[in-house]
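Structure file input.cif (mmCIF, C-alpha atoms) is printed below.
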```cif
data_run
#
loop_
_atom_site.group_PDB
_atom_site.id
_atom_site.type_symbol
_atom_site.label_atom_id
_atom_site.label_comp_id
_atom_site.auth_asym_id
_atom_site.auth_seq_id
_atom_site.Cartn_x
_atom_site.Cartn_y
_atom_site.Cartn_z
ATOM 1 C CA MET A 1 -107.619 23.322 75.645
ATOM 2 C CA PRO A 2 -105.239 25.254 77.854
ATOM 3 C CA VAL A 3 -105.396 24.526 81.568
ATOM 4 C CA LEU A 4 -104.058 27.914 82.564
ATOM 5 C CA GLU A 5 -105.546 31.206 81.558
ATOM 6 C CA GLN A 6 -103.655 34.482 81.611
ATOM 7 C CA PRO A 7 -104.294 36.623 84.693
ATOM 8 C CA SER A 8 -106.657 39.530 84.424
ATOM 9 C CA LEU A 9 -106.059 41.124 87.820
ATOM 10 C CA SER A 10 -102.960 42.782 89.209
ATOM 11 C CA ALA A 11 -101.416 41.330 92.346
ATOM 12 C CA PRO A 12 -102.688 42.978 95.556
ATOM 13 C CA ARG A 13 -100.172 45.335 97.203
ATOM 14 C CA GLU A 14 -100.083 43.333 100.444
ATOM 15 C CA MET A 15 -99.113 40.188 98.569
ATOM 16 C CA LEU A 16 -96.320 42.117 96.837
ATOM 17 C CA ARG A 17 -95.075 43.423 100.190
ATOM 18 C CA GLN A 18 -95.055 39.879 101.597
ATOM 19 C CA PHE A 19 -93.183 38.687 98.516
ATOM 20 C CA CYS A 20 -90.587 41.438 99.094
ATOM 21 C CA ARG A 21 -90.053 40.130 102.618
ATOM 22 C CA GLY A 22 -89.338 36.662 101.173
ATOM 23 C CA ASP A 23 -92.694 35.023 101.953
ATOM 24 C CA LEU A 24 -92.854 31.755 99.992
ATOM 25 C CA ASP A 25 -96.677 31.623 100.015
ATOM 26 C CA ALA A 26 -96.810 35.077 98.415
ATOM 27 C CA PHE A 27 -94.249 33.960 95.824
ATOM 28 C CA GLU A 28 -96.338 30.864 95.044
ATOM 29 C CA ALA A 29 -99.471 33.005 94.644
ATOM 30 C CA LEU A 30 -97.619 35.369 92.293
ATOM 31 C CA PHE A 31 -96.165 32.435 90.375
ATOM 32 C CA ARG A 32 -99.592 30.846 89.881
ATOM 33 C CA GLN A 33 -101.112 34.186 88.874
ATOM 34 C CA HIS A 34 -98.425 35.194 86.373
ATOM 35 C CA GLN A 35 -96.914 31.974 85.002
ATOM 36 C CA GLY A 36 -99.296 31.943 82.012
ATOM 37 C CA ALA A 37 -98.543 35.536 81.033
ATOM 38 C CA VAL A 38 -94.776 35.112 81.479
ATOM 39 C CA TYR A 39 -94.833 31.902 79.421
ATOM 40 C CA GLY A 40 -96.933 33.617 76.726
ATOM 41 C CA TRP A 41 -94.419 36.454 76.441
ATOM 42 C CA ILE A 42 -91.388 34.145 76.343
ATOM 43 C CA VAL A 43 -92.856 31.745 73.787
ATOM 44 C CA ARG A 44 -93.445 34.705 71.460
ATOM 45 C CA ILE A 45 -89.724 35.505 71.639
ATOM 46 C CA VAL A 46 -88.137 32.031 71.528
ATOM 47 C CA ARG A 47 -90.902 30.335 69.454
ATOM 48 C CA ASP A 48 -90.305 26.996 71.202
ATOM 49 C CA PRO A 49 -92.884 25.831 73.801
ATOM 50 C CA ALA A 50 -90.491 23.460 75.626
ATOM 51 C CA ALA A 51 -87.745 26.088 75.913
ATOM 52 C CA ALA A 52 -90.367 28.649 76.961
ATOM 53 C CA GLU A 53 -91.456 26.424 79.872
ATOM 54 C CA ASP A 54 -87.845 26.101 81.070
ATOM 55 C CA LEU A 55 -87.331 29.849 80.667
ATOM 56 C CA THR A 56 -90.523 30.596 82.623
ATOM 57 C CA ILE A 57 -89.057 28.642 85.543
ATOM 58 C CA GLU A 58 -85.687 30.389 85.067
ATOM 59 C CA THR A 59 -87.498 33.763 85.086
ATOM 60 C CA PHE A 60 -89.303 33.013 88.342
ATOM 61 C CA TRP A 61 -86.079 31.681 89.850
ATOM 62 C CA ARG A 62 -84.450 35.051 89.064
ATOM 63 C CA ILE A 63 -87.535 36.806 90.477
ATOM 64 C CA HIS A 64 -87.332 34.722 93.659
ATOM 65 C CA ARG A 65 -83.646 35.542 94.129
ATOM 66 C CA ALA A 66 -84.241 39.261 93.526
ATOM 67 C CA HIS A 67 -87.332 39.569 95.776
ATOM 68 C CA ALA A 68 -85.650 42.054 98.121
ATOM 69 C CA ARG A 69 -84.894 44.419 95.216
ATOM 70 C CA PHE A 70 -88.516 44.597 94.020
ATOM 71 C CA ASP A 71 -90.429 47.793 94.805
ATOM 72 C CA PRO A 72 -94.004 46.758 95.786
ATOM 73 C CA GLU A 73 -95.313 50.149 94.624
ATOM 74 C CA ARG A 74 -94.372 49.299 91.052
ATOM 75 C CA SER A 75 -95.960 46.851 88.603
ATOM 76 C CA PHE A 76 -95.021 43.221 89.172
ATOM 77 C CA GLU A 77 -96.114 42.346 85.629
ATOM 78 C CA ALA A 78 -93.728 44.847 84.038
ATOM 79 C CA TRP A 79 -90.848 43.714 86.275
ATOM 80 C CA ALA A 80 -91.511 40.033 85.528
ATOM 81 C CA ARG A 81 -91.763 40.747 81.794
ATOM 82 C CA ARG A 82 -88.410 42.511 81.796
ATOM 83 C CA ILE A 83 -86.728 39.628 83.626
ATOM 84 C CA ALA A 84 -88.427 37.179 81.240
ATOM 85 C CA THR A 85 -87.129 39.138 78.231
ATOM 86 C CA ASN A 86 -83.580 39.046 79.614
ATOM 87 C CA ALA A 87 -83.853 35.296 80.235
ATOM 88 C CA ALA A 88 -85.141 34.788 76.672
ATOM 89 C CA LEU A 89 -82.312 36.956 75.283
ATOM 90 C CA ASP A 90 -79.721 34.891 77.198
ATOM 91 C CA HIS A 91 -81.308 31.741 75.778
ATOM 92 C CA LEU A 92 -81.211 33.055 72.194
ATOM 93 C CA ARG A 93 -77.566 34.071 72.573
ATOM 94 C CA THR A 94 -76.518 30.593 73.715
ATOM 95 C CA ALA A 95 -78.928 28.437 71.707
ATOM 96 C CA ARG A 96 -78.758 30.222 68.356
ATOM 97 C CA HIS A 97 -75.593 28.443 67.228
ATOM 98 C CA HIS A 98 -76.856 24.991 68.221
ATOM 99 C CA THR A 99 -80.317 24.968 66.687
ATOM 100 C CA GLU A 100 -81.297 24.677 63.060
ATOM 101 C CA LEU A 101 -84.705 25.491 61.733
ATOM 102 C CA PRO A 102 -86.762 22.459 60.687
ATOM 103 C CA ASP A 103 -87.246 21.961 56.962
ATOM 104 C CA ASN A 104 -91.024 21.933 57.397
ATOM 105 C CA LEU A 105 -91.547 25.358 58.905
ATOM 106 C CA ALA A 106 -95.025 26.072 60.245
ATOM 107 C CA SER A 107 -97.165 27.428 57.453
ATOM 108 C CA PRO A 108 -98.882 30.761 57.896
ATOM 109 C CA SER A 109 -102.567 30.709 58.757
ATOM 110 C CA VAL A 110 -103.288 32.442 55.444
ATOM 111 C CA PRO A 111 -100.996 30.964 52.779
ATOM 112 C CA ASP A 112 -99.405 33.413 50.370
ATOM 113 C CA HIS A 113 -98.886 31.843 46.965
ATOM 114 C CA ASP A 114 -96.540 34.685 45.948
ATOM 115 C CA ILE A 115 -93.921 33.445 48.410
ATOM 116 C CA SER A 116 -92.210 30.149 47.720
ATOM 117 C CA ASP A 117 -91.236 27.662 50.443
ATOM 118 C CA ASP A 118 -87.592 28.233 49.530
ATOM 119 C CA LEU A 119 -87.896 31.976 50.079
ATOM 120 C CA ARG A 120 -89.699 31.439 53.381
ATOM 121 C CA ARG A 121 -86.948 29.078 54.537
ATOM 122 C CA LYS A 122 -84.181 31.451 53.466
ATOM 123 C CA THR A 123 -85.884 34.412 55.152
ATOM 124 C CA ALA A 124 -86.355 32.429 58.368
ATOM 125 C CA ARG A 125 -82.710 31.282 58.357
ATOM 126 C CA ALA A 126 -81.453 34.806 57.698
ATOM 127 C CA PHE A 127 -83.649 36.071 60.525
ATOM 128 C CA GLN A 128 -82.268 33.453 62.891
ATOM 129 C CA ARG A 129 -78.725 34.673 62.164
ATOM 130 C CA LEU A 130 -79.490 38.202 63.365
ATOM 131 C CA PRO A 131 -77.973 39.375 66.661
ATOM 132 C CA ALA A 132 -80.270 38.338 69.523
ATOM 133 C CA LYS A 133 -81.114 41.930 70.538
ATOM 134 C CA LEU A 134 -82.252 42.838 67.022
ATOM 135 C CA GLN A 135 -84.058 39.527 66.577
ATOM 136 C CA VAL A 136 -86.106 40.018 69.761
ATOM 137 C CA ALA A 137 -87.097 43.581 68.852
ATOM 138 C CA ALA A 138 -88.077 42.568 65.308
ATOM 139 C CA THR A 139 -89.945 39.447 66.458
ATOM 140 C CA LEU A 140 -92.063 41.357 68.951
ATOM 141 C CA ALA A 141 -92.665 44.390 66.724
ATOM 142 C CA LEU A 142 -93.069 42.901 63.234
ATOM 143 C CA ILE A 143 -94.141 39.292 63.754
ATOM 144 C CA GLU A 144 -96.070 39.414 67.020
ATOM 145 C CA GLU A 145 -97.156 43.045 66.444
ATOM 146 C CA GLN A 146 -96.804 43.995 70.104
ATOM 147 C CA PRO A 147 -97.057 47.716 70.963
ATOM 148 C CA TYR A 148 -93.681 49.514 70.828
ATOM 149 C CA ARG A 149 -94.246 50.892 74.327
ATOM 150 C CA GLU A 150 -94.538 47.363 75.777
ATOM 151 C CA ILE A 151 -91.471 46.161 73.868
ATOM 152 C CA ALA A 152 -89.474 49.168 75.095
ATOM 153 C CA GLU A 153 -90.502 48.475 78.711
ATOM 154 C CA ALA A 154 -89.625 44.801 78.425
ATOM 155 C CA LEU A 155 -86.213 45.551 76.897
ATOM 156 C CA GLY A 156 -85.500 48.444 79.260
ATOM 157 C CA VAL A 157 -84.858 50.891 76.405
ATOM 158 C CA SER A 158 -86.674 53.834 74.814
ATOM 159 C CA ILE A 159 -89.290 53.467 72.075
ATOM 160 C CA GLY A 160 -86.832 55.162 69.690
ATOM 161 C CA ALA A 161 -84.214 52.530 70.494
ATOM 162 C CA VAL A 162 -86.705 49.741 69.727
ATOM 163 C CA LYS A 163 -87.548 51.346 66.355
ATOM 164 C CA LEU A 164 -83.843 51.637 65.593
ATOM 165 C CA ARG A 165 -83.272 47.964 66.446
ATOM 166 C CA VAL A 166 -86.173 46.936 64.190
ATOM 167 C CA PHE A 167 -84.774 49.037 61.338
ATOM 168 C CA ARG A 168 -81.272 47.585 61.850
ATOM 169 C CA ALA A 169 -82.766 44.079 61.872
ATOM 170 C CA LEU A 170 -84.496 44.727 58.533
ATOM 171 C CA ARG A 171 -81.331 46.219 57.033
ATOM 172 C CA LEU A 172 -79.238 43.213 58.101
ATOM 173 C CA LEU A 173 -81.945 40.877 56.828
ATOM 174 C CA ARG A 174 -81.878 42.615 53.436
ATOM 175 C CA LYS A 175 -78.085 42.313 53.334
ATOM 176 C CA GLU A 176 -78.240 38.588 54.132
ATOM 177 C CA LEU A 177 -80.964 37.994 51.525
ATOM 178 C CA LEU A 178 -78.966 39.896 48.908
ATOM 179 C CA ARG A 179 -75.973 37.683 49.763
ATOM 180 C CA GLN A 180 -78.187 34.708 48.944
ATOM 181 C CA GLY A 181 -79.123 36.260 45.594
ATOM 182 C CA ILE A 182 -82.587 37.465 46.637
ATOM 183 C CA GLN A 183 -83.446 41.088 45.837
ATOM 184 C CA PRO A 184 -86.323 42.400 47.973
ATOM 185 C CA GLY A 185 -86.895 45.316 45.607
ATOM 186 C CA ILE A 186 -87.584 43.090 42.597
ATOM 187 C CA GLU A 187 -90.920 41.325 42.028
ATOM 188 C CA LEU A 188 -90.453 37.540 42.246
ATOM 189 C CA MET B 1 -83.069 50.416 51.869
ATOM 190 C CA ASN B 2 -86.169 52.094 50.502
ATOM 191 C CA GLU B 3 -89.698 51.875 51.913
ATOM 192 C CA HIS B 4 -90.812 49.359 49.269
ATOM 193 C CA GLU B 5 -87.974 46.975 50.156
ATOM 194 C CA GLN B 6 -88.692 47.421 53.849
ATOM 195 C CA LYS B 7 -92.399 46.550 53.410
ATOM 196 C CA ARG B 8 -91.509 43.568 51.260
ATOM 197 C CA ILE B 9 -89.049 42.139 53.798
ATOM 198 C CA GLU B 10 -91.618 42.659 56.558
ATOM 199 C CA GLN B 11 -94.180 40.776 54.452
ATOM 200 C CA TRP B 12 -91.758 37.885 53.814
ATOM 201 C CA LEU B 13 -90.903 37.766 57.481
ATOM 202 C CA LYS B 14 -94.558 37.518 58.514
ATOM 203 C CA HIS B 15 -95.117 34.676 56.072
ATOM 204 C CA SER B 16 -91.891 32.884 56.992
ATOM 205 C CA LEU B 17 -92.411 33.056 60.743
ATOM 206 C CA PRO B 18 -96.140 33.275 61.509
ATOM 207 C CA PRO B 19 -97.046 34.855 64.861
ATOM 208 C CA VAL B 20 -96.996 32.443 67.796
ATOM 209 C CA GLY B 21 -99.879 34.489 69.183
ATOM 210 C CA GLU B 22 -102.118 32.952 66.512
ATOM 211 C CA GLN B 23 -101.245 29.428 67.588
ATOM 212 C CA THR B 24 -102.294 27.398 70.648
ATOM 213 C CA GLY B 25 -98.651 27.275 71.811
ATOM 214 C CA VAL B 26 -99.006 30.713 73.405
ATOM 215 C CA LYS B 27 -101.128 29.216 76.217
ATOM 216 C CA LEU B 28 -99.423 27.315 78.991
ATOM 217 C CA GLN B 29 -100.678 23.738 79.014
ATOM 218 C CA ARG B 30 -99.598 22.697 82.534
ATOM 219 C CA ASP B 31 -98.921 24.082 85.972
ATOM 220 C CA LEU B 32 -95.183 24.800 86.324
ATOM 221 C CA TRP B 33 -95.220 25.222 90.121
ATOM 222 C CA PRO B 34 -94.049 21.612 90.832
ATOM 223 C CA ALA B 35 -91.086 22.168 88.474
ATOM 224 C CA MET B 36 -90.406 25.512 90.170
ATOM 225 C CA LEU B 37 -90.336 23.848 93.604
ATOM 226 C CA LYS B 38 -87.922 21.248 92.257
ATOM 227 C CA ARG B 39 -85.653 24.016 90.944
ATOM 228 C CA MET B 40 -85.753 25.876 94.262
ATOM 229 C CA ASP B 41 -85.087 22.663 96.189
ATOM 230 C CA GLY B 42 -82.145 21.805 93.940
ATOM 231 C CA ASN B 43 -80.567 25.223 94.429
ATOM 232 C CA ALA B 44 -81.235 25.293 98.178
ATOM 233 C CA ARG B 45 -78.978 22.279 98.850
ATOM 234 C CA PRO B 46 -75.510 23.221 100.126
ATOM 235 C CA ILE B 47 -72.744 22.748 97.592
ATOM 236 C CA ALA B 48 -70.767 19.598 98.392
ATOM 237 C CA VAL B 49 -67.049 20.288 98.754
ATOM 238 C CA PRO B 50 -64.816 17.238 98.046
ATOM 239 C CA TRP B 51 -62.734 15.996 101.005
ATOM 240 C CA PHE B 52 -59.428 16.705 99.230
ATOM 241 C CA ASP B 53 -60.343 20.403 98.946
ATOM 242 C CA TRP B 54 -60.783 20.533 102.715
ATOM 243 C CA ALA B 55 -57.470 18.651 103.125
ATOM 244 C CA LEU B 56 -55.711 21.150 100.844
ATOM 245 C CA LEU B 57 -57.199 24.082 102.747
ATOM 246 C CA ALA B 58 -56.095 22.565 106.088
ATOM 247 C CA SER B 59 -52.552 21.971 104.753
ATOM 248 C CA VAL B 60 -52.242 25.568 103.535
ATOM 249 C CA ALA B 61 -53.602 26.904 106.858
ATOM 250 C CA ALA B 62 -51.152 24.716 108.826
ATOM 251 C CA TRP B 63 -48.247 25.750 106.577
ATOM 252 C CA LEU B 64 -49.051 29.446 107.036
ATOM 253 C CA ALA B 65 -49.430 28.965 110.820
ATOM 254 C CA PHE B 66 -45.966 27.390 111.078
ATOM 255 C CA PHE B 67 -44.290 29.662 108.515
ATOM 256 C CA PRO B 68 -45.956 33.115 108.686
ATOM 257 C CA GLY B 69 -43.131 34.503 106.575
ATOM 258 C CA ALA B 70 -44.618 32.598 103.617
ATOM 259 C CA ILE B 71 -47.811 34.723 103.625
ATOM 260 C CA PRO B 72 -46.359 37.539 101.409
ATOM 261 C CA VAL B 73 -44.939 34.908 99.039
ATOM 262 C CA LEU B 74 -48.369 33.223 98.781
ATOM 263 C CA LEU B 75 -50.123 36.571 98.237
ATOM 264 C CA TYR B 76 -47.579 37.454 95.540
ATOM 265 C CA HIS B 77 -48.336 34.233 93.659
ATOM 266 C CA LEU B 78 -52.161 34.541 93.942
#
```

Take the structure in this file and express it as structure tokens.
Amino acid sequence: MPVLEQPSLSAPREMLRQFCRGDLDAFEALFRQHQGAVYGWIVRIVRDPAAAEDLTIETFWRIHRAHARFDPERSFEAWARRIATNAALDHLRTARHHTELPDNLASPSVPDHDISDDLRRKTARAFQRLPAKLQVAATLALIEEQPYREIAEALGVSIGAVKLRVFRALRLLRKELLRQGIQPGIEL
Amino acid sequence: MNEHEQKRIEQWLKHSLPPVGEQTGVKLQRDLWPAMLKRMDGNARPIAVPWFDWALLASVAAWLAFFPGAIPVLLYHL
């Protein structure tokens, strides 16, 4: 049972103004209010709860350092999500070459008997080799099925750019699978 | 890549990497504020400069004070 629920209310303007002035109590209140949501977003991208906890702290450290640059008239959630996405991207860029997927990948909630374990493993490995930017866009859009508008905001790009990244991710994935002798167009 | 291939790869992807949103891992299990305070405390400490760095800085300052003509040479080599 989770101890922390995701926030349902936006931060009051006065608290945001105090945070902008460097008030530590306001920062703590914002941290407590948004840590669950920031963690939830990051864990969807990096798919590793322990790394997501570290990256949540890294995100709020960046937020704390940049408090003077935050505009209290704008959404704190959107700002925090964008910083969280950048922190997750940095993590994927540095960690991707050091981590290997486990042999026993988590099974889907609804097993598909048409897809063998070997194919699942190969697809996951090929996906992990994608450039971090493409991987994040494809993870959020195709796997987590997040709205394109939210992904675009979090990445700081247009919706069209997100769609292009997703398409490029799929094209590279196809190329990698073909290299491994798997033809997506042929029934297995 | 045609639409059929695209749909198929998307389907494989969903079955290879199930959404984290469906799992309990998407919910934070503990309060991270104590860890955040630790991080802030760790970064708030002044950076310790070894004594020999101070000694080197003092030597260079003394050298430049006694031989101001060496300043352009030093700047050239920086």

Exercise. Define the interface residues of chain B facing chain A as those within 10 Å, counting all atoms listed in the file, and report them as a PyMOL selection string.
Key: chain B and resi 1-33+35-37+39-40+43

Exercise. Report the distance between CA of Arg17 in chain A and CA of Ala84 in chain A in Å, rounded to one decimal place.
Key: 21.0 Å

Exercise. Please identify all polymer residues within 8 Å of Val162 in chain A, counting all atoms listed in the file, omitting same-chain residues fewer than 5 positions from it, and present them as a PyMOL selection string.
Key: chain A and resi 137+148+151-152+157

Which polymer residues, whether protein, DNA or RNA, lie within 7 Å of the coordinate (-102.5, 36.1, 95.7) when you count all atoms listed in the file? List them as a CSV table (one decimal) with C-alpha atoms, keeping the file's coordinate frame, using the chain letters and numbers from the file.
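Okay, this is what ended up in selection.csv:
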```
chain,number,residue,atom,x,y,z
A,11,ALA,CA,-101.4,41.3,92.3
A,12,PRO,CA,-102.7,43.0,95.6
A,15,MET,CA,-99.1,40.2,98.6
A,26,ALA,CA,-96.8,35.1,98.4
A,29,ALA,CA,-99.5,33.0,94.6
A,30,LEU,CA,-97.6,35.4,92.3
```

Practice problem: Would you work out the distance separating CA of Pro72 in chain A from CA of Glu153 in chain A, expressed in Å to one decimal? | Solution: 17.5 Å

Quiz item: To one decimal place, how far is CA of His34 in chain A from CA of Ala80 in chain A in Å?
Solution: 8.5 Å
